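Note: the block below is coords_35.cif and it holds mmCIF, C-alpha atoms.
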data_entry
#
loop_
_atom_site.label_atom_id
_atom_site.label_comp_id
_atom_site.auth_asym_id
_atom_site.auth_seq_id
_atom_site.Cartn_x
_atom_site.Cartn_y
_atom_site.Cartn_z
CA MET A 1 36.02 21.68 -16.89
CA PHE A 2 36.74 19.96 -20.20
CA ARG A 3 37.56 22.34 -23.03
CA PRO A 4 34.99 22.18 -25.82
CA GLY A 5 36.67 21.31 -29.09
CA ASN A 6 39.73 19.80 -27.47
CA PRO A 7 40.59 16.21 -28.41
CA PRO A 8 39.02 13.54 -26.15
CA SER A 9 40.95 11.88 -23.32
CA LYS A 10 42.16 8.85 -25.25
CA PRO A 11 41.36 6.07 -25.39
CA VAL A 12 37.61 6.55 -24.98
CA SER A 13 36.67 3.19 -23.56
CA ALA A 14 34.92 1.60 -20.60
CA ASP A 15 38.20 0.01 -19.53
CA ARG A 16 39.94 3.36 -19.49
CA LEU A 17 37.12 4.94 -17.47
CA LEU A 18 37.15 2.11 -14.95
CA GLN A 19 40.90 2.39 -14.71
CA VAL A 20 40.57 6.10 -13.88
CA LEU A 21 37.82 5.39 -11.36
CA SER A 22 39.90 2.74 -9.64
CA ARG A 23 42.53 5.38 -8.90
CA PHE A 24 40.41 8.46 -8.20
CA LYS A 25 37.23 9.14 -6.25
CA VAL A 26 36.96 12.60 -7.80
CA VAL A 27 37.23 12.97 -11.54
CA MET A 28 37.51 16.38 -13.18
CA ASP A 29 37.53 17.56 -16.78
CA LEU A 30 37.28 14.08 -18.28
CA ASN A 31 36.46 14.37 -21.97
CA MET A 32 35.06 11.05 -23.20
CA PRO A 33 32.45 11.63 -25.89
CA GLY A 34 31.02 8.51 -27.49
CA LEU A 35 31.74 6.32 -24.48
CA GLN A 36 30.02 2.91 -24.51
CA LEU A 37 29.23 1.31 -21.16
CA ASP A 38 27.43 -2.00 -20.84
CA GLY A 39 26.58 -3.60 -17.51
CA VAL A 40 28.86 -1.25 -15.58
CA GLU A 41 28.30 -0.25 -11.96
CA LEU A 42 29.51 3.19 -10.95
CA ALA A 43 29.34 4.06 -7.25
CA ASP A 44 30.68 6.57 -4.76
CA ARG A 45 32.45 8.81 -7.27
CA SER A 46 32.29 12.51 -8.12
CA PHE A 47 32.50 13.94 -11.61
CA TYR A 48 33.07 17.63 -12.31
CA GLY A 49 33.08 19.24 -15.72
CA CYS A 50 33.13 15.95 -17.62
CA ASN A 51 31.93 15.31 -21.14
CA PHE A 52 30.09 12.10 -22.07
CA THR A 53 28.15 13.45 -25.01
CA GLN A 54 26.83 10.86 -27.52
CA SER A 55 27.56 8.03 -25.11
CA GLN A 56 25.68 4.79 -24.59
CA PHE A 57 24.79 3.44 -21.17
CA ARG A 58 23.24 -0.05 -21.29
CA ASN A 59 22.28 -2.03 -18.18
CA CYS A 60 24.26 0.37 -16.00
CA THR A 61 23.83 0.98 -12.31
CA ILE A 62 24.95 4.37 -11.06
CA ARG A 63 24.61 5.05 -7.36
CA ASN A 64 25.78 7.60 -4.83
CA CYS A 65 27.62 9.70 -7.38
CA THR A 66 27.97 13.45 -7.80
CA PHE A 67 27.83 15.06 -11.22
CA GLU A 68 28.35 18.77 -11.69
CA LEU A 69 28.55 20.56 -15.03
CA CYS A 70 28.65 17.20 -16.82
CA PHE A 71 27.41 16.67 -20.36
CA PHE A 72 25.41 13.60 -21.44
CA ASP A 73 23.63 15.27 -24.36
CA PHE A 74 22.68 13.10 -27.34
CA SER A 75 23.37 10.00 -25.25
CA SER A 76 21.37 6.82 -24.96
CA HIS A 77 20.39 5.16 -21.70
CA SER A 78 18.66 1.80 -21.54
CA SER A 79 17.67 -0.63 -18.79
CA GLY A 80 19.47 1.19 -16.02
CA SER A 81 19.06 2.22 -12.43
CA TYR A 82 20.37 5.57 -11.26
CA SER A 83 20.03 6.20 -7.54
CA ASP A 84 21.23 8.59 -4.86
CA LEU A 85 22.78 10.92 -7.40
CA ARG A 86 23.62 14.54 -6.77
CA ALA A 87 23.49 16.09 -10.22
CA LYS A 88 23.63 19.83 -10.70
CA ASN A 89 23.88 21.79 -13.92
CA CYS A 90 24.09 18.64 -16.02
CA VAL A 91 22.92 18.27 -19.60
CA PHE A 92 20.95 15.20 -20.68
CA ALA A 93 19.27 17.06 -23.54
CA CYS A 94 18.34 15.22 -26.75
CA SER A 95 19.06 11.87 -25.11
CA SER A 96 16.93 8.75 -25.09
CA PHE A 97 15.87 6.94 -21.94
CA ASP A 98 14.42 3.46 -22.19
CA ARG A 99 13.50 1.63 -18.97
CA ILE A 100 15.52 3.98 -16.77
CA THR A 101 14.71 4.78 -13.14
CA PHE A 102 16.10 7.70 -11.19
CA THR A 103 15.53 7.31 -7.44
CA GLY A 104 16.41 9.34 -4.38
CA SER A 105 18.42 11.87 -6.37
CA ASP A 106 18.96 15.60 -6.61
CA LEU A 107 18.65 16.61 -10.25
CA ILE A 108 19.04 20.33 -9.72
CA GLN A 109 18.93 22.67 -12.69
CA CYS A 110 19.56 19.92 -15.22
CA SER A 111 18.50 20.00 -18.84
CA PHE A 112 16.38 17.16 -20.18
CA ASN A 113 15.18 19.25 -23.12
CA GLY A 114 14.24 17.31 -26.22
CA ILE A 115 14.63 13.89 -24.63
CA THR A 116 12.68 10.82 -25.61
CA GLY A 117 11.63 8.31 -23.03
CA THR A 118 9.81 5.05 -22.61
CA GLU A 119 9.24 3.70 -19.14
CA LEU A 120 11.26 6.55 -17.67
CA VAL A 121 10.55 6.85 -13.95
CA ILE A 122 11.76 9.61 -11.65
CA ASP A 123 11.02 8.67 -8.06
CA ASP A 124 11.75 10.60 -4.87
CA CYS A 125 13.92 13.20 -6.58
CA ASP A 126 14.43 16.94 -6.37
CA LEU A 127 14.00 18.45 -9.84
CA LEU A 128 14.37 22.09 -8.82
CA HIS A 129 14.69 24.36 -11.86
CA SER A 130 15.27 21.48 -14.27
CA ARG A 131 13.88 21.56 -17.79
CA PHE A 132 12.02 18.95 -19.79
CA ASP A 133 11.08 21.30 -22.63
CA GLY A 134 10.30 20.35 -26.21
CA ALA A 135 9.96 16.63 -25.63
CA PRO A 136 6.92 15.48 -27.63
CA ASN A 137 7.88 11.81 -27.36
CA LEU A 138 8.36 11.57 -23.65
CA ASP A 139 6.53 9.05 -21.51
CA LEU A 140 7.51 9.99 -18.00
CA GLN A 141 6.32 8.95 -14.59
CA VAL A 142 7.14 11.40 -11.79
CA ILE A 143 6.57 10.13 -8.26
CA ASN A 144 7.10 11.96 -4.99
CA CYS A 145 9.33 14.65 -6.49
CA ASN A 146 9.93 18.34 -5.88
CA LEU A 147 8.89 20.17 -9.05
CA LYS A 148 9.56 23.74 -7.97
CA GLN A 149 10.20 25.72 -11.17
CA THR A 150 10.59 22.49 -13.16
CA ARG A 151 9.60 23.18 -16.75
CA PHE A 152 7.68 21.02 -19.20
CA ILE A 153 7.09 23.60 -21.92
CA ARG A 154 6.09 22.21 -25.35
CA THR A 155 5.98 18.74 -23.82
CA PRO A 156 2.55 17.08 -24.04
CA LYS A 157 1.14 16.76 -20.56
CA ASP A 158 -1.03 13.78 -21.43
CA ARG A 159 2.02 11.54 -21.60
CA LEU A 160 3.32 12.69 -18.24
CA SER A 161 2.15 11.12 -15.02
CA PHE A 162 2.52 12.83 -11.66
CA SER A 163 1.82 11.34 -8.27
CA PHE A 164 2.70 12.77 -4.88
CA ALA A 165 4.49 15.65 -6.61
CA ASN A 166 3.92 19.39 -6.35
CA GLU A 167 2.77 19.62 -9.95
CA GLU A 168 1.29 23.06 -9.26
CA ASP A 169 4.79 24.48 -8.81
CA ALA A 170 5.94 23.24 -12.22
CA VAL A 171 5.74 25.33 -15.39
CA PHE A 172 3.83 23.95 -18.37
CA VAL A 173 3.15 27.02 -20.48
CA ASP A 174 5.63 29.55 -21.70
CA ARG A 175 4.67 32.96 -20.37
CA GLU A 176 5.03 34.37 -23.86
CA GLY A 177 2.99 31.74 -25.58
CA TRP A 178 5.66 30.05 -27.68
CA MET B 1 41.23 27.67 -17.73
CA ARG B 2 38.56 26.36 -15.40
CA VAL B 3 34.90 27.32 -15.35
CA TYR B 4 32.80 27.12 -12.21
CA SER B 5 29.14 27.92 -11.82
CA HIS B 6 27.38 29.31 -8.81
CA PHE B 7 23.61 28.90 -8.57
CA ALA B 8 21.88 31.53 -6.46
CA VAL B 9 18.75 29.98 -5.01
CA ASN B 10 17.22 33.35 -4.12
CA THR B 11 17.31 34.62 -7.71
CA LEU B 12 17.45 31.22 -9.45
CA SER B 13 20.29 32.60 -11.53
CA ASN B 14 23.85 31.68 -12.36
CA THR B 15 27.12 33.45 -11.78
CA TYR B 16 30.21 32.04 -13.45
CA LEU B 17 33.81 32.11 -12.36
CA VAL B 18 36.50 31.62 -14.99
CA GLY B 19 39.77 30.76 -13.32
CA LEU B 20 42.97 31.20 -15.28
CA PRO B 21 46.33 29.47 -14.86
CA SER B 22 47.91 32.71 -13.64
CA GLY B 23 45.57 32.70 -10.63
CA ARG B 24 43.53 35.57 -11.97
CA ALA B 25 39.82 35.10 -12.46
CA ILE B 26 36.92 36.59 -14.35
CA LEU B 27 33.47 36.78 -12.77
CA ILE B 28 30.45 36.85 -15.02
CA ASP B 29 27.09 38.30 -13.97
CA PRO B 30 27.39 38.41 -10.18
CA ALA B 31 23.70 38.40 -9.34
CA THR B 32 24.57 37.77 -5.75
CA PHE B 33 27.71 37.60 -3.68
CA ASP B 34 27.37 35.15 -0.85
CA GLY B 35 29.58 32.91 1.23
CA THR B 36 29.43 30.09 -1.29
CA LEU B 37 30.74 32.26 -4.10
CA LEU B 38 33.41 33.75 -1.86
CA GLU B 39 34.49 30.26 -0.82
CA LEU B 40 34.61 29.16 -4.44
CA ILE B 41 36.96 32.02 -5.27
CA GLU B 42 39.11 31.75 -2.17
CA HIS B 43 39.31 27.96 -2.11
CA HIS B 44 41.10 28.12 -5.44
CA SER B 45 43.11 31.19 -4.41
CA TYR B 46 41.86 33.17 -7.35
CA ARG B 47 42.23 36.92 -7.62
CA VAL B 48 39.21 38.43 -9.34
CA THR B 49 40.48 41.08 -11.72
CA CYS B 50 37.61 41.44 -14.15
CA ILE B 51 33.83 41.33 -14.12
CA LEU B 52 31.92 40.81 -17.35
CA LEU B 53 28.28 41.84 -17.45
CA THR B 54 26.03 40.42 -20.14
CA HIS B 55 23.31 42.93 -19.26
CA SER B 56 22.80 45.81 -16.88
CA ASN B 57 19.55 45.08 -15.07
CA GLU B 58 20.40 46.30 -11.58
CA GLU B 59 18.14 43.70 -9.97
CA HIS B 60 20.42 41.06 -11.48
CA LEU B 61 23.61 42.62 -10.19
CA ALA B 62 23.04 42.76 -6.47
CA GLY B 63 26.47 41.31 -5.76
CA LEU B 64 28.39 43.86 -7.80
CA ARG B 65 28.94 46.55 -5.16
CA THR B 66 30.05 44.03 -2.54
CA ILE B 67 32.55 42.46 -4.90
CA MET B 68 33.98 45.87 -5.75
CA ARG B 69 34.49 46.49 -2.04
CA VAL B 70 36.09 43.09 -1.43
CA TYR B 71 38.39 42.99 -4.45
CA THR B 72 40.29 46.09 -5.52
CA ASP B 73 41.64 46.70 -9.00
CA VAL B 74 38.69 44.99 -10.60
CA ARG B 75 37.55 46.31 -13.93
CA ILE B 76 34.03 45.93 -15.20
CA CYS B 77 33.34 45.31 -18.87
CA ALA B 78 29.81 45.81 -20.18
CA ALA B 79 27.88 47.25 -23.08
CA MET B 80 27.04 50.31 -20.98
CA PRO B 81 29.73 52.73 -19.77
CA SER B 82 28.23 53.05 -16.31
CA ILE B 83 26.28 50.62 -14.14
CA MET B 84 24.98 51.39 -10.67
CA ASP B 85 27.25 54.46 -10.64
CA LEU B 86 30.25 52.22 -11.28
CA THR B 87 32.37 52.93 -14.31
CA ALA B 88 32.55 50.15 -16.88
CA ILE B 89 34.74 49.66 -19.90
CA PRO B 90 32.26 49.71 -22.77
CA VAL B 91 32.40 46.76 -25.14
CA THR B 92 30.99 46.60 -28.63
CA THR B 93 29.62 43.81 -30.75
CA GLY B 94 32.23 42.00 -32.79
CA GLU B 95 35.08 43.23 -30.62
CA THR B 96 37.66 40.80 -29.26
CA LEU B 97 38.96 41.76 -25.86
CA ASP B 98 42.20 40.67 -24.29
CA ILE B 99 41.29 40.13 -20.66
CA CYS B 100 43.56 38.41 -18.15
CA GLU B 101 45.46 36.59 -20.91
CA SER B 102 42.18 35.37 -22.39
CA SER B 103 40.63 36.26 -25.68
CA VAL B 104 37.02 37.31 -25.16
CA ARG B 105 34.74 37.78 -28.15
CA VAL B 106 31.75 40.06 -27.72
CA ILE B 107 28.52 38.98 -29.42
CA GLY B 108 25.65 41.44 -29.45
CA MET B 109 22.14 40.39 -28.48
CA PRO B 110 20.03 42.97 -30.31
CA GLY B 111 16.37 42.46 -29.61
CA TYR B 112 16.91 41.63 -25.98
CA GLY B 113 18.19 45.11 -25.22
CA ARG B 114 20.87 47.58 -26.25
CA ASP B 115 22.81 46.67 -23.11
CA ALA B 116 22.74 42.92 -23.85
CA VAL B 117 25.79 41.03 -25.03
CA ALA B 118 27.21 37.52 -24.82
CA PHE B 119 30.85 36.66 -24.24
CA LEU B 120 32.69 33.80 -25.97
CA ILE B 121 35.76 32.60 -24.09
CA GLY B 122 37.58 29.51 -25.34
CA GLY B 123 34.57 27.42 -26.37
CA PHE B 124 32.29 28.69 -23.61
CA LEU B 125 29.54 31.14 -24.47
CA PHE B 126 28.19 33.18 -21.57
CA SER B 127 24.83 34.10 -23.03
CA GLY B 128 23.25 36.08 -20.21
CA PRO B 129 19.45 36.15 -19.93
CA ALA B 130 18.90 36.56 -23.68
CA LEU B 131 19.29 32.84 -24.37
CA SER B 132 18.90 29.87 -22.06
CA ALA B 133 18.37 26.14 -22.68
CA GLY B 134 15.50 25.86 -25.15
CA GLU B 135 14.28 29.38 -24.55
CA LEU B 136 14.79 32.95 -25.67
CA GLY B 137 14.90 35.63 -23.00
CA ALA B 138 11.77 37.64 -22.31
CA VAL B 139 11.47 40.58 -24.68
CA SER B 140 8.99 43.39 -24.93
CA ASN B 141 7.38 42.65 -28.29
CA SER B 142 7.33 40.29 -31.22
CA TYR B 143 9.60 42.48 -33.35
CA ALA B 144 12.26 42.32 -30.68
CA LYS B 145 11.81 38.56 -30.47
CA ALA B 146 12.23 38.15 -34.23
CA ILE B 147 15.37 40.29 -34.19
CA LEU B 148 16.83 38.38 -31.25
CA LEU B 149 16.05 35.06 -32.86
CA ALA B 150 17.60 36.09 -36.18
CA ASN B 151 20.72 37.26 -34.39
CA ILE B 152 21.01 34.05 -32.40
CA ALA B 153 20.58 32.00 -35.56
CA GLU B 154 23.33 33.97 -37.29
CA SER B 155 25.82 34.55 -34.47
CA ILE B 156 25.38 31.66 -32.07
CA LEU B 157 23.84 28.67 -33.80
CA THR B 158 26.65 28.86 -36.34
CA LEU B 159 29.30 28.28 -33.67
CA PRO B 160 30.82 24.79 -33.44
CA ASP B 161 28.46 22.06 -32.15
CA GLU B 162 30.43 21.49 -28.99
CA THR B 163 30.37 25.12 -27.84
CA VAL B 164 29.03 25.13 -24.30
CA ILE B 165 26.38 27.75 -23.58
CA LEU B 166 26.28 28.97 -19.99
CA PRO B 167 23.20 31.14 -19.46
CA PHE B 168 22.16 33.51 -16.68
CA TYR B 169 19.04 31.41 -16.07
CA GLY B 170 18.70 27.66 -16.06
CA PRO B 171 20.94 24.74 -16.92
CA PRO B 172 23.83 24.81 -19.35
CA THR B 173 23.42 23.66 -22.91
CA THR B 174 25.38 23.35 -26.14
CA VAL B 175 25.07 24.79 -29.61
CA ALA B 176 24.22 21.34 -31.00
CA VAL B 177 21.39 20.97 -28.51
CA GLU B 178 20.01 24.44 -29.18
CA ARG B 179 20.01 23.86 -32.91
CA ARG B 180 17.70 20.93 -32.17
CA THR B 181 15.54 22.34 -29.36
CA LEU B 182 15.33 26.13 -29.55
CA PRO B 183 11.91 27.07 -30.93
CA THR B 184 12.49 29.05 -34.08
CA GLU B 185 8.89 29.55 -35.10
CA ASP B 186 7.16 32.37 -33.30
CA PRO B 187 3.40 32.18 -33.83
CA GLN B 188 3.24 35.93 -33.23
CA LYS B 189 6.02 36.76 -35.68
CA PRO B 190 5.06 39.76 -37.86
CA ALA B 191 4.58 38.77 -41.49
CA GLU B 192 7.16 41.26 -42.81
CA LEU B 193 9.83 39.64 -40.64
CA ALA B 194 8.80 36.11 -41.42
#

Hey, can you dump this file as structure tokens for me?
Amino acid sequence: MFRPGNPPSKPVSADRLLQVLSRFKVVMDLNMPGLQLDGVELADRSFYGCNFTQSQFRNCTIRNCTFELCFFDFSSHSSGSYSDLRAKNCVFACSSFDRITFTGSDLIQCSFNGITGTELVIDDCDLLHSRFDGAPNLDLQVINCNLKQTRFIRTPKDRLSFSFANEEDAVFVDREGW
Amino acid sequence: MRVYSHFAVNTLSNTYLVGLPSGRAILIDPATFDGTLLELIEHHSYRVTCILLTHSNEEHLAGLRTIMRVYTDVRICAAMPSIMDLTAIPVTTGETLDICESSVRVIGMPGYGRDAVAFLIGGFLFSGPALSAGELGAVSNSYAKAILLANIAESILTLPDETVILPFYGPPTTVAVERRTLPTEDPQKPAELA
């Protein structure tokens, strides 16, 4: 896993990332905060312990990729399609999502706390034990998803839309009344 | 140093493995010990030599006895000197331990319990159940909550932004994220602590 506080893997650039991905199917410990990707397609790769905090993903397609212990906090995602992902223990907290669709993905125990979203759609995904807490400006459409122990605490329910999802297994109120 | 996480579906909790260049490894909060965790350790040929416990709730340490049978010469470090009849090396708040060539800083979690601590190892904070992403751990009363919150504000939210927080429950997070998302206003906070 990347070491917090260590200098980034230089240079932090889309070209450098694509160069790495052309050589390796499995990428570990990559530290690329502030990465800017525009119109990039990522497919069939695995990322472990990578850091992409404060990055920008515009018009990106990400499919059939594995992400474990990866950090995308304070990042911005717009007009993208993310499908067939296997994400576990990933951090998307405090990020913005504008016209993003997640489909057919496992998003297990991921943090989406404090995110903002417009036209964010999560379709046919497993959201087991993930958190969407403290997101007052989140417009989210959840379709056909597993919501077992998925949390939406301090996130207004009236801006969330659920269809064909086990909403009753999600958590909307903190047991201690925060 | 490499950090791996193991998510136990039966307890919905996390155990962490810190692998060191020497091949030794530290296990943190073994809530369960199953084939997946064993494979994680053995696949990397690690030798577990130390177990750090952030708290001593026996229900959260079901894997401890098994690990002690599998791996010999393992020492346990915790705030309490004895856990499940196993002897532990007691740690105290503010102490810096030298464990398996790593420097481990002990941060107390008063409010959550007298047995609760967090461990800071090289930019990774293992916070136990007292702090998880966007949430304080469950405490018995509002005084305890105020004390825990004050301690977290002073000891944890002052760490560098990029410090990764790895909790017992739920997804990982960072100090920068928690500064933004952790609720700091308790509607039930007693006036004298406000």

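Restricting the calculation to all atoms listed in the file, the smallest distance between Leu18 in chain A and any of A:Ala43, A:Cys125, A:Leu85, A:Cys145 is found for A:Ala43.
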
Resolved residues for the PyMOL selection byres ((chain A) within 9 of (chain B)) as a PDB file with C-alpha atoms, in the coordinates of the input:
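Produced file part-v6.pdb, reproduced below:
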ATOM      1  CA  MET A   1      36.020  21.680 -16.890  1.00  0.00           C
ATOM      2  CA  PHE A   2      36.740  19.960 -20.200  1.00  0.00           C
ATOM      3  CA  ARG A   3      37.560  22.340 -23.030  1.00  0.00           C
ATOM      4  CA  PRO A   4      34.990  22.180 -25.820  1.00  0.00           C
ATOM      5  CA  GLY A   5      36.670  21.310 -29.090  1.00  0.00           C
ATOM      6  CA  ASP A  29      37.530  17.560 -16.780  1.00  0.00           C
ATOM      7  CA  GLY A  49      33.080  19.240 -15.720  1.00  0.00           C
ATOM      8  CA  LEU A  69      28.550  20.560 -15.030  1.00  0.00           C
ATOM      9  CA  PHE A  71      27.410  16.670 -20.360  1.00  0.00           C
ATOM     10  CA  ASP A  73      23.630  15.270 -24.360  1.00  0.00           C
ATOM     11  CA  PHE A  74      22.680  13.100 -27.340  1.00  0.00           C
ATOM     12  CA  LYS A  88      23.630  19.830 -10.700  1.00  0.00           C
ATOM     13  CA  ASN A  89      23.880  21.790 -13.920  1.00  0.00           C
ATOM     14  CA  CYS A  90      24.090  18.640 -16.020  1.00  0.00           C
ATOM     15  CA  VAL A  91      22.920  18.270 -19.600  1.00  0.00           C
ATOM     16  CA  ALA A  93      19.270  17.060 -23.540  1.00  0.00           C
ATOM     17  CA  CYS A  94      18.340  15.220 -26.750  1.00  0.00           C
ATOM     18  CA  ILE A 108      19.040  20.330  -9.720  1.00  0.00           C
ATOM     19  CA  GLN A 109      18.930  22.670 -12.690  1.00  0.00           C
ATOM     20  CA  CYS A 110      19.560  19.920 -15.220  1.00  0.00           C
ATOM     21  CA  SER A 111      18.500  20.000 -18.840  1.00  0.00           C
ATOM     22  CA  ASN A 113      15.180  19.250 -23.120  1.00  0.00           C
ATOM     23  CA  GLY A 114      14.240  17.310 -26.220  1.00  0.00           C
ATOM     24  CA  HIS A 129      14.690  24.360 -11.860  1.00  0.00           C
ATOM     25  CA  SER A 130      15.270  21.480 -14.270  1.00  0.00           C
ATOM     26  CA  ARG A 131      13.880  21.560 -17.790  1.00  0.00           C
ATOM     27  CA  ASP A 133      11.080  21.300 -22.630  1.00  0.00           C
ATOM     28  CA  GLY A 134      10.300  20.350 -26.210  1.00  0.00           C
ATOM     29  CA  ALA A 135       9.960  16.630 -25.630  1.00  0.00           C
ATOM     30  CA  ARG A 175       4.670  32.960 -20.370  1.00  0.00           C
ATOM     31  CA  GLU A 176       5.030  34.370 -23.860  1.00  0.00           C
ATOM     32  CA  GLY A 177       2.990  31.740 -25.580  1.00  0.00           C
ATOM     33  CA  TRP A 178       5.660  30.050 -27.680  1.00  0.00           C
TER      34      TRP A 178
END

Expected selection from the PyMOL selection byres ((chain B and resi 23-25) around 7), given as number ranges by chain: B: 17-22, 26-27, 45-50, 100

All residues 8 Å or closer to Ser95 in chain A, only C-alpha atoms, same chain fewer than 5 positions away omitted, as an NGL selection string: :A and (72-77 or 112 or 114-116)

Reference answer for the PyMOL selection byres ((chain B and resi 15) around 6), as a PyMOL selection string: chain B and resi 5-6+14+16+28-30

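One distance worth recording is that between CA of Gly63 in chain B and CA of Gly35 in chain B, which is 11.4 Å.
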
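Here CA of Leu40 in chain B and CA of Met32 in chain A stand 26.1 Å from one another.
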
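Proximity of B:Ile121, B:Leu157, B:Ala31, B:Ala144 to Glu101 in chain B, computed with all atoms listed in the file, is greatest for B:Ile121.
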
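Between Asn166 in chain A and the candidates A:Leu37, A:Leu138, A:Ile62, A:Leu127, the tightest atom-to-atom separation, counting all atoms listed in the file, involves A:Leu127.
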
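The interatomic distance for the pair CA of Gly111 in chain B and CA of Gly128 in chain B works out to 13.3 Å.
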
Test item: residues at most 10 Å from Ile107 in chain B, only C-alpha atoms, excluding those fewer than 6 positions along its chain, as JSON, numbers by chain: {"B": [54, 91, 92, 93, 94, 95, 96, 116, 117, 118, 119, 120, 125, 126, 127, 151, 152, 155, 156]}

Can you put N, CA and C atoms back into range 74-89 of chain B and show it as a PDB file, in the frame of the given file?
ATOM      1  N   VAL B  74      39.554  45.788  -9.721  1.00  0.00           N
ATOM      2  CA  VAL B  74      38.690  44.990 -10.600  1.00  0.00           C
ATOM      3  C   VAL B  74      38.108  45.913 -11.656  1.00  0.00           C
ATOM      4  N   ARG B  75      38.200  45.492 -12.901  1.00  0.00           N
ATOM      5  CA  ARG B  75      37.550  46.310 -13.930  1.00  0.00           C
ATOM      6  C   ARG B  75      36.283  45.616 -14.409  1.00  0.00           C
ATOM      7  N   ILE B  76      35.325  46.445 -14.730  1.00  0.00           N
ATOM      8  CA  ILE B  76      34.030  45.930 -15.200  1.00  0.00           C
ATOM      9  C   ILE B  76      33.951  46.171 -16.701  1.00  0.00           C
ATOM     10  N   CYS B  77      33.547  45.156 -17.439  1.00  0.00           N
ATOM     11  CA  CYS B  77      33.340  45.310 -18.870  1.00  0.00           C
ATOM     12  C   CYS B  77      31.870  45.032 -19.181  1.00  0.00           C
ATOM     13  N   ALA B  78      31.232  45.956 -19.864  1.00  0.00           N
ATOM     14  CA  ALA B  78      29.810  45.810 -20.180  1.00  0.00           C
ATOM     15  C   ALA B  78      29.486  46.655 -21.396  1.00  0.00           C
ATOM     16  N   ALA B  79      28.277  46.456 -21.906  1.00  0.00           N
ATOM     17  CA  ALA B  79      27.880  47.250 -23.080  1.00  0.00           C
ATOM     18  C   ALA B  79      27.623  48.704 -22.703  1.00  0.00           C
ATOM     19  N   MET B  80      27.307  48.943 -21.439  1.00  0.00           N
ATOM     20  CA  MET B  80      27.040  50.310 -20.980  1.00  0.00           C
ATOM     21  C   MET B  80      28.270  50.867 -20.250  1.00  0.00           C
ATOM     22  N   PRO B  81      28.530  52.170 -20.400  1.00  0.00           N
ATOM     23  CA  PRO B  81      29.730  52.730 -19.770  1.00  0.00           C
ATOM     24  C   PRO B  81      29.616  52.918 -18.257  1.00  0.00           C
ATOM     25  N   SER B  82      28.397  52.863 -17.740  1.00  0.00           N
ATOM     26  CA  SER B  82      28.230  53.050 -16.310  1.00  0.00           C
ATOM     27  C   SER B  82      27.075  52.176 -15.818  1.00  0.00           C
ATOM     28  N   ILE B  83      27.309  51.481 -14.709  1.00  0.00           N
ATOM     29  CA  ILE B  83      26.280  50.620 -14.140  1.00  0.00           C
ATOM     30  C   ILE B  83      26.260  50.813 -12.638  1.00  0.00           C
ATOM     31  N   MET B  84      25.128  51.156 -12.110  1.00  0.00           N
ATOM     32  CA  MET B  84      24.980  51.390 -10.670  1.00  0.00           C
ATOM     33  C   MET B  84      26.049  52.379 -10.190  1.00  0.00           C
ATOM     34  N   ASP B  85      26.259  53.413 -10.951  1.00  0.00           N
ATOM     35  CA  ASP B  85      27.250  54.460 -10.640  1.00  0.00           C
ATOM     36  C   ASP B  85      28.681  53.941 -10.656  1.00  0.00           C
ATOM     37  N   LEU B  86      28.891  52.756 -11.157  1.00  0.00           N
ATOM     38  CA  LEU B  86      30.250  52.220 -11.280  1.00  0.00           C
ATOM     39  C   LEU B  86      30.671  52.361 -12.747  1.00  0.00           C
ATOM     40  N   THR B  87      31.885  52.739 -12.937  1.00  0.00           N
ATOM     41  CA  THR B  87      32.370  52.930 -14.310  1.00  0.00           C
ATOM     42  C   THR B  87      32.704  51.578 -14.931  1.00  0.00           C
ATOM     43  N   ALA B  88      32.253  51.396 -16.166  1.00  0.00           N
ATOM     44  CA  ALA B  88      32.550  50.150 -16.880  1.00  0.00           C
ATOM     45  C   ALA B  88      33.307  50.479 -18.158  1.00  0.00           C
ATOM     46  N   ILE B  89      34.090  49.527 -18.598  1.00  0.00           N
ATOM     47  CA  ILE B  89      34.740  49.660 -19.900  1.00  0.00           C
ATOM     48  C   ILE B  89      33.736  49.207 -20.945  1.00  0.00           C
TER      49      ILE B  89
END
